[in-house]
Amino acid sequence: MIDTDAVIIGAGPVGLFQAFQLGLQEIRAHLIDALPHPGGQCAELYPDKPIYDIPGLPLCSGQELTDRLLQQIAPFQVPMHLGQAVQSLESLPDGRWQIGTTAGMVWRAPTVFIAAGVGAFVPRKPPLDGLEVFEQGPNAQVRYFGVTPASVTGQHVVVMGGENEALETALQLAEAGSCASLTLLHRVDKFRADAALEQAIRSAIDKGRLRLVLGQPLAIEQRQTTEGRRLDALHLATPDGPEGATTRLPLDVLLPRLGLSPKLGPITDWGLAMERKQLVVDTERFATSAPGIFAVGDINTYPGKRKLILCGFHEATLAAFAAAAIVHPERRVLLQYTTTSPRLHELLGVKPTPA
Ligand SMILES: Cc1cc2nc3c(=O)[nH]c(=O)nc-3n(C[C@H](O)[C@H](O)[C@H](O)COP(=O)(O)OP(=O)(O)OC[C@H]3O[C@@H](n4cnc5c(N)ncnc54)[C@H](O)[C@@H]3O)c2cc1C
């Protein structure tokens, strides 16, 4: 159980800037994101593509904007809890909120900032009955994120998918050469990936560093062992196999890399006023229908709303001022300039500029 002043749900560009604005207001915040890395859509959907409409930054990529925002919030040392989605939001008798995640972590805070964008990015899963049993725990046989060659040494590994992420994962493991066997499983002999990456994969296949298997998984094969249930193989329908017959693909580890899709998930169950799957806010504080809960960025709606990063930055700024009145009711909330305020210089860890 972590007690804090504010919890930010979503570490996209707006959630990150929210952390900065809360830092300026001396509000202690924690950031939570379902993805294993910060940056939201910028980092996930267009890390290398250019953005031209961030004020004062004529050109930057999605990843560069994320890196700059992380640099900007560094002075506030905001704890970041990644790879876990916020599942529950409940009111406490003392007026605070209790926030719980899929990883079993719990926070209590008087203010909550929902910066959830288009929803939590969750991996697309192969439609195979019973697969979820093998997704849990440190020795999970089915892993959707973050596999290193060392973590699968000596194992029979199957990477599933035909886009960049699948090919990058397969290539990384092929180059390390530490798997007992490595298979790239895809529906057809055609990839939707960068040309250079596809060339590198084809070359690795030609050199025998991995094999390409074409097929559509239809079922899993599992058995009970003394240590629990074990996933042994996939049964595939293959393009050149006889109709109705399946091919068995044995494995120790399955790495589905089928892309991510956003899911609004539990946000719709929290009893907050919504319009067309967006949280209704006022434009003075960006507060939702529940006291102490704010919504900023792509997740909110109000007359004239535009889903742009700079609009989210403005919303986060006013929401932080409004939260200061809740977290520090004893203080007058004053406007201070980062250029001239000694207190803000102290918070930012910068030296005052000579007069
Ligand atoms: C291809 C493309 C190009 C774009 N170009 C521009 C541009 O040039 N200029 C511009 O201004 N905008 C652009 N946009 C839009 C911009 O990316 C969005 O407006 C911006 O990302 C919104 O930021 P956000 O922080 O509100 O949400 P997001 O970036 O969507 O981040 C939300 C985060 O919240 C997390 N989350 C959601 N629900 C939960 C939960 N329950 N628990 C934990 N975490 C959760 C998600 O995993 C995600 O990381 C572009 C968008 C796309 C797709």
# chains A, B, ... in the order shown; residues from 1 in each chain; ligands from 1
call {"tool": "residues_near_ligand", "arguments": {"ligand": "ligand 1", "cutoff": "6 Å", "atoms": "only C-alpha atoms and all ligand atoms", "output": "PyMOL selection string"}}
result
chain A and resi 9-15+32-35+40-42+45-46+51-53+85-87+115-121+297-298+307-310
call {"tool": "residues_around", "arguments": {"residues": "Ile8 (chain A)", "least_positions_apart": "6", "cutoff": "8 Å", "atoms": "only C-alpha atoms", "output": "PyMOL selection string"}}
result
chain A and resi 15+18-19+29-32+112-115
call {"tool": "write_last_selection", "arguments": {"atoms": "N, CA, C and O atoms", "output": "PDB file, in the first residue's frame"}}
result
ATOM      1  N   GLY A  15       0.608  12.272 -19.693  1.00  0.00           N
ATOM      2  CA  GLY A  15       0.857  11.787 -18.330  1.00  0.00           C
ATOM      3  C   GLY A  15       2.230  12.229 -17.842  1.00  0.00           C
ATOM      4  O   GLY A  15       2.395  12.631 -16.684  1.00  0.00           O
ATOM      5  N   GLN A  18       2.114  15.820 -17.075  1.00  0.00           N
ATOM      6  CA  GLN A  18       1.334  15.985 -15.840  1.00  0.00           C
ATOM      7  C   GLN A  18       2.260  15.837 -14.634  1.00  0.00           C
ATOM      8  O   GLN A  18       2.184  16.601 -13.667  1.00  0.00           O
ATOM      9  N   ALA A  19       3.149  14.848 -14.693  1.00  0.00           N
ATOM     10  CA  ALA A  19       4.091  14.627 -13.589  1.00  0.00           C
ATOM     11  C   ALA A  19       4.962  15.861 -13.377  1.00  0.00           C
ATOM     12  O   ALA A  19       5.256  16.248 -12.241  1.00  0.00           O
ATOM     13  N   ALA A  29       3.832  12.513  -6.940  1.00  0.00           N
ATOM     14  CA  ALA A  29       3.015  11.691  -7.843  1.00  0.00           C
ATOM     15  C   ALA A  29       3.706  10.364  -8.168  1.00  0.00           C
ATOM     16  O   ALA A  29       4.931  10.253  -8.097  1.00  0.00           O
ATOM     17  N   HIS A  30       2.894   9.374  -8.502  1.00  0.00           N
ATOM     18  CA  HIS A  30       3.386   8.106  -9.048  1.00  0.00           C
ATOM     19  C   HIS A  30       2.763   7.929 -10.431  1.00  0.00           C
ATOM     20  O   HIS A  30       1.577   8.235 -10.609  1.00  0.00           O
ATOM     21  N   LEU A  31       3.553   7.423 -11.369  1.00  0.00           N
ATOM     22  CA  LEU A  31       3.060   7.158 -12.727  1.00  0.00           C
ATOM     23  C   LEU A  31       2.871   5.650 -12.930  1.00  0.00           C
ATOM     24  O   LEU A  31       3.738   4.870 -12.531  1.00  0.00           O
ATOM     25  N   ILE A  32       1.777   5.290 -13.573  1.00  0.00           N
ATOM     26  CA  ILE A  32       1.523   3.858 -13.857  1.00  0.00           C
ATOM     27  C   ILE A  32       1.207   3.708 -15.337  1.00  0.00           C
ATOM     28  O   ILE A  32       0.438   4.506 -15.890  1.00  0.00           O
ATOM     29  N   VAL A 112      -6.287  11.880  -8.471  1.00  0.00           N
ATOM     30  CA  VAL A 112      -5.960  10.901  -9.517  1.00  0.00           C
ATOM     31  C   VAL A 112      -6.056  11.616 -10.860  1.00  0.00           C
ATOM     32  O   VAL A 112      -6.994  12.394 -11.089  1.00  0.00           O
ATOM     33  N   PHE A 113      -5.081  11.366 -11.720  1.00  0.00           N
ATOM     34  CA  PHE A 113      -5.057  11.977 -13.057  1.00  0.00           C
ATOM     35  C   PHE A 113      -5.151  10.860 -14.078  1.00  0.00           C
ATOM     36  O   PHE A 113      -4.239  10.043 -14.182  1.00  0.00           O
ATOM     37  N   ILE A 114      -6.261  10.837 -14.792  1.00  0.00           N
ATOM     38  CA  ILE A 114      -6.417   9.793 -15.813  1.00  0.00           C
ATOM     39  C   ILE A 114      -5.896  10.361 -17.126  1.00  0.00           C
ATOM     40  O   ILE A 114      -6.467  11.290 -17.700  1.00  0.00           O
ATOM     41  N   ALA A 115      -4.744   9.842 -17.545  1.00  0.00           N
ATOM     42  CA  ALA A 115      -4.106  10.272 -18.801  1.00  0.00           C
ATOM     43  C   ALA A 115      -3.976   9.044 -19.694  1.00  0.00           C
ATOM     44  O   ALA A 115      -2.908   8.732 -20.210  1.00  0.00           O
TER      45      ALA A 115
END
call {"tool": "atom_distance", "arguments": {"atom1": "CA of Phe321 (chain A)", "atom2": "CA of Thr339 (chain A)"}}
result
18.0 Å
call {"tool": "select_by_dssp", "arguments": {"residues": "region 125-302 of chain A", "states": "helix (DSSP H, G or I)", "output": "number ranges by chain"}}
result
A: 131-134, 149-152, 164-176, 195-206, 265-269, 297-299
call {"tool": "closest_residue", "arguments": {"among": "A:Glu26, A:Arg96, A:Val333, A:Thr111", "to": "Ala295 (chain A)", "atoms": "only C-alpha atoms"}}
result
A:Thr111
call {"tool": "closest_atom_pairs", "arguments": {"of": "region 205-234 of chain A", "to": "region 171-188 of chain A", "cutoff": "6 Å", "atoms": "only C-alpha atoms", "output": "tab-separated table"}}
result
residue	atom	partner	partner_atom	distance
A:Arg209	CA	A:Ala174	CA	5.5
A:Leu210	CA	A:Leu182	CA	5.0
A:Arg211	CA	A:Thr183	CA	5.0
A:Leu212	CA	A:Leu184	CA	4.9
A:Val213	CA	A:Leu185	CA	4.9
A:Leu214	CA	A:His186	CA	5.2
A:Gly215	CA	A:Arg187	CA	4.8
A:Gln216	CA	A:Arg187	CA	5.5
call {"tool": "closest_residue", "arguments": {"among": "A:Leu167, A:Met274, A:Ile220, A:Val147", "to": "Gln199 (chain A)", "atoms": "only C-alpha atoms"}}
result
A:Leu167
call {"tool": "residues_around", "arguments": {"residues": "Gly95 (chain A)", "least_positions_apart": "2", "cutoff": "12 Å", "atoms": "only C-alpha atoms", "output": "compact mmCIF listing (two decimals) with C-alpha atoms, in the first residue's frame"}}
result
# COMPACT_ATOMS: atom_id res chain seq x y z
CA GLU A 90 -12.50 3.06 -5.43
CA SER A 91 -13.41 5.91 -3.11
CA LEU A 92 -12.28 5.70 0.53
CA PRO A 93 -14.32 7.02 3.49
CA TRP A 97 -9.01 7.21 -3.78
CA GLN A 98 -7.64 3.69 -3.80
CA ARG A 108 -4.05 5.72 -1.84
CA ALA A 109 -4.15 9.36 -2.92
CA PRO A 110 -6.43 12.40 -2.70
CA THR A 111 -6.00 13.11 -6.42
CA VAL A 112 -5.96 10.90 -9.52
CA ALA A 290 -15.83 12.67 -9.28
CA PRO A 291 -14.06 14.98 -6.79
CA GLY A 292 -10.26 14.74 -6.97
CA ILE A 293 -10.25 12.86 -10.28
CA ILE A 326 -6.83 19.88 -2.81
CA VAL A 327 -3.39 18.62 -1.75
call {"tool": "residues_around", "arguments": {"residues": "Val350 (chain A)", "least_positions_apart": "2", "cutoff": "12 Å", "atoms": "only C-alpha atoms", "output": "VMD selection string"}}
result
chain A and resid 72 75 338 to 348 352 to 353
call {"tool": "write_last_selection", "arguments": {"atoms": "C-alpha atoms", "output": "CSV table (one decimal), in the first residue's frame"}}
result
chain,number,residue,atom,x,y,z
A,72,GLN,CA,12.2,17.3,-17.9
A,75,PRO,CA,14.3,16.4,-11.0
A,338,THR,CA,10.2,29.0,-13.8
A,339,THR,CA,12.4,31.8,-15.1
A,340,THR,CA,12.4,33.8,-11.9
A,341,SER,CA,11.0,31.8,-8.9
A,342,PRO,CA,13.7,30.8,-6.4
A,343,ARG,CA,11.4,28.1,-5.1
A,344,LEU,CA,10.9,26.5,-8.5
A,345,HIS,CA,14.6,26.7,-9.1
A,346,GLU,CA,15.1,24.8,-5.9
A,347,LEU,CA,12.5,22.2,-6.9
A,348,LEU,CA,14.1,21.9,-10.4
A,352,PRO,CA,19.4,30.8,-10.0
A,353,THR,CA,20.5,32.9,-13.0
call {"tool": "atom_distance", "arguments": {"atom1": "CA of His314 (chain A)", "atom2": "CA of Gln71 (chain A)"}}
result
19.0 Å
call {"tool": "select_by_dssp", "arguments": {"residues": "region 211-282 of chain A", "states": "strand (DSSP E or B)", "output": "PyMOL selection string"}}
result
chain A and resi 211-214+216-225+228-237+247-250+253-256+260-263+274-275+278-280
call {"tool": "closest_residue", "arguments": {"among": "A:Ala287, A:Asn139, A:Thr238, A:Tyr337", "to": "Ala322 (chain A)", "atoms": "only C-alpha atoms"}}
result
A:Ala287
call {"tool": "residues_around", "arguments": {"residues": "Pro256 (chain A)", "least_positions_apart": "2", "cutoff": "8 Å", "atoms": "only C-alpha atoms", "output": "mmCIF file with N, CA, C and O atoms, in the first residue's frame"}}
result
data_model
loop_
_atom_site.group_PDB
_atom_site.id
_atom_site.type_symbol
_atom_site.label_atom_id
_atom_site.label_comp_id
_atom_site.auth_asym_id
_atom_site.auth_seq_id
_atom_site.Cartn_x
_atom_site.Cartn_y
_atom_site.Cartn_z
ATOM 1 N N LYS A 125 -3.428 -11.301 -28.588
ATOM 2 C CA LYS A 125 -3.093 -12.676 -28.206
ATOM 3 C C LYS A 125 -3.570 -13.662 -29.255
ATOM 4 O O LYS A 125 -4.626 -13.452 -29.862
ATOM 5 N N PRO A 126 -2.829 -14.747 -29.449
ATOM 6 C CA PRO A 126 -3.318 -15.766 -30.389
ATOM 7 C C PRO A 126 -4.612 -16.347 -29.836
ATOM 8 O O PRO A 126 -4.697 -16.607 -28.623
ATOM 9 N N VAL A 142 4.722 -18.492 -22.116
ATOM 10 C CA VAL A 142 4.206 -17.578 -23.144
ATOM 11 C C VAL A 142 4.517 -16.161 -22.683
ATOM 12 O O VAL A 142 4.067 -15.727 -21.620
ATOM 13 N N ARG A 143 5.336 -15.427 -23.460
ATOM 14 C CA ARG A 143 5.785 -14.091 -23.030
ATOM 15 C C ARG A 143 5.544 -13.078 -24.142
ATOM 16 O O ARG A 143 5.972 -13.279 -25.277
ATOM 17 N N TYR A 144 4.860 -11.995 -23.763
ATOM 18 C CA TYR A 144 4.476 -10.996 -24.763
ATOM 19 C C TYR A 144 5.461 -9.836 -24.846
ATOM 20 O O TYR A 144 5.444 -9.099 -25.819
ATOM 21 N N VAL A 159 8.823 -17.776 -32.201
ATOM 22 C CA VAL A 159 8.389 -16.382 -32.274
ATOM 23 C C VAL A 159 7.249 -16.348 -33.278
ATOM 24 O O VAL A 159 7.361 -16.923 -34.369
ATOM 25 N N MET A 160 6.162 -15.656 -32.903
ATOM 26 C CA MET A 160 4.974 -15.681 -33.760
ATOM 27 C C MET A 160 4.671 -14.284 -34.283
ATOM 28 O O MET A 160 4.596 -13.336 -33.489
ATOM 29 N N GLY A 161 4.498 -14.129 -35.606
ATOM 30 C CA GLY A 161 4.128 -12.830 -36.173
ATOM 31 C C GLY A 161 4.910 -12.543 -37.439
ATOM 32 O O GLY A 161 5.874 -13.248 -37.764
ATOM 33 N N ALA A 166 8.025 -8.843 -34.448
ATOM 34 C CA ALA A 166 8.297 -10.284 -34.502
ATOM 35 C C ALA A 166 9.667 -10.533 -35.135
ATOM 36 O O ALA A 166 10.475 -11.326 -34.636
ATOM 37 N N LEU A 254 6.937 -19.673 -26.102
ATOM 38 C CA LEU A 254 6.213 -19.056 -27.222
ATOM 39 C C LEU A 254 6.242 -17.538 -27.033
ATOM 40 O O LEU A 254 5.869 -17.034 -25.970
ATOM 41 N N LEU A 258 2.279 -10.056 -32.054
ATOM 42 C CA LEU A 258 1.207 -9.795 -33.027
ATOM 43 C C LEU A 258 0.723 -8.358 -32.966
ATOM 44 O O LEU A 258 -0.350 -8.024 -33.462
#
call {"tool": "closest_residue", "arguments": {"among": "A:Val157, A:Leu128, A:Ala324, A:Val122", "to": "Leu260 (chain A)", "atoms": "only C-alpha atoms"}}
result
A:Val122
call {"tool": "residues_around", "arguments": {"residues": "Thr283 (chain A)", "least_positions_apart": "5", "cutoff": "12 Å", "atoms": "only C-alpha atoms", "output": "list in words"}}
result
Thr288, Phe294, Ala295, Val296, Asn300, Thr301, Tyr302, Pro303, Gly304, Lys305, Cys311, Gly312, His314, Glu315, Ala316, Thr317, Leu318, Ala319 and Ala322 of chain A
call {"tool": "atom_distance", "arguments": {"atom1": "CA of Arg248 (chain A)", "atom2": "CA of Leu234 (chain A)"}}
result
5.9 Å
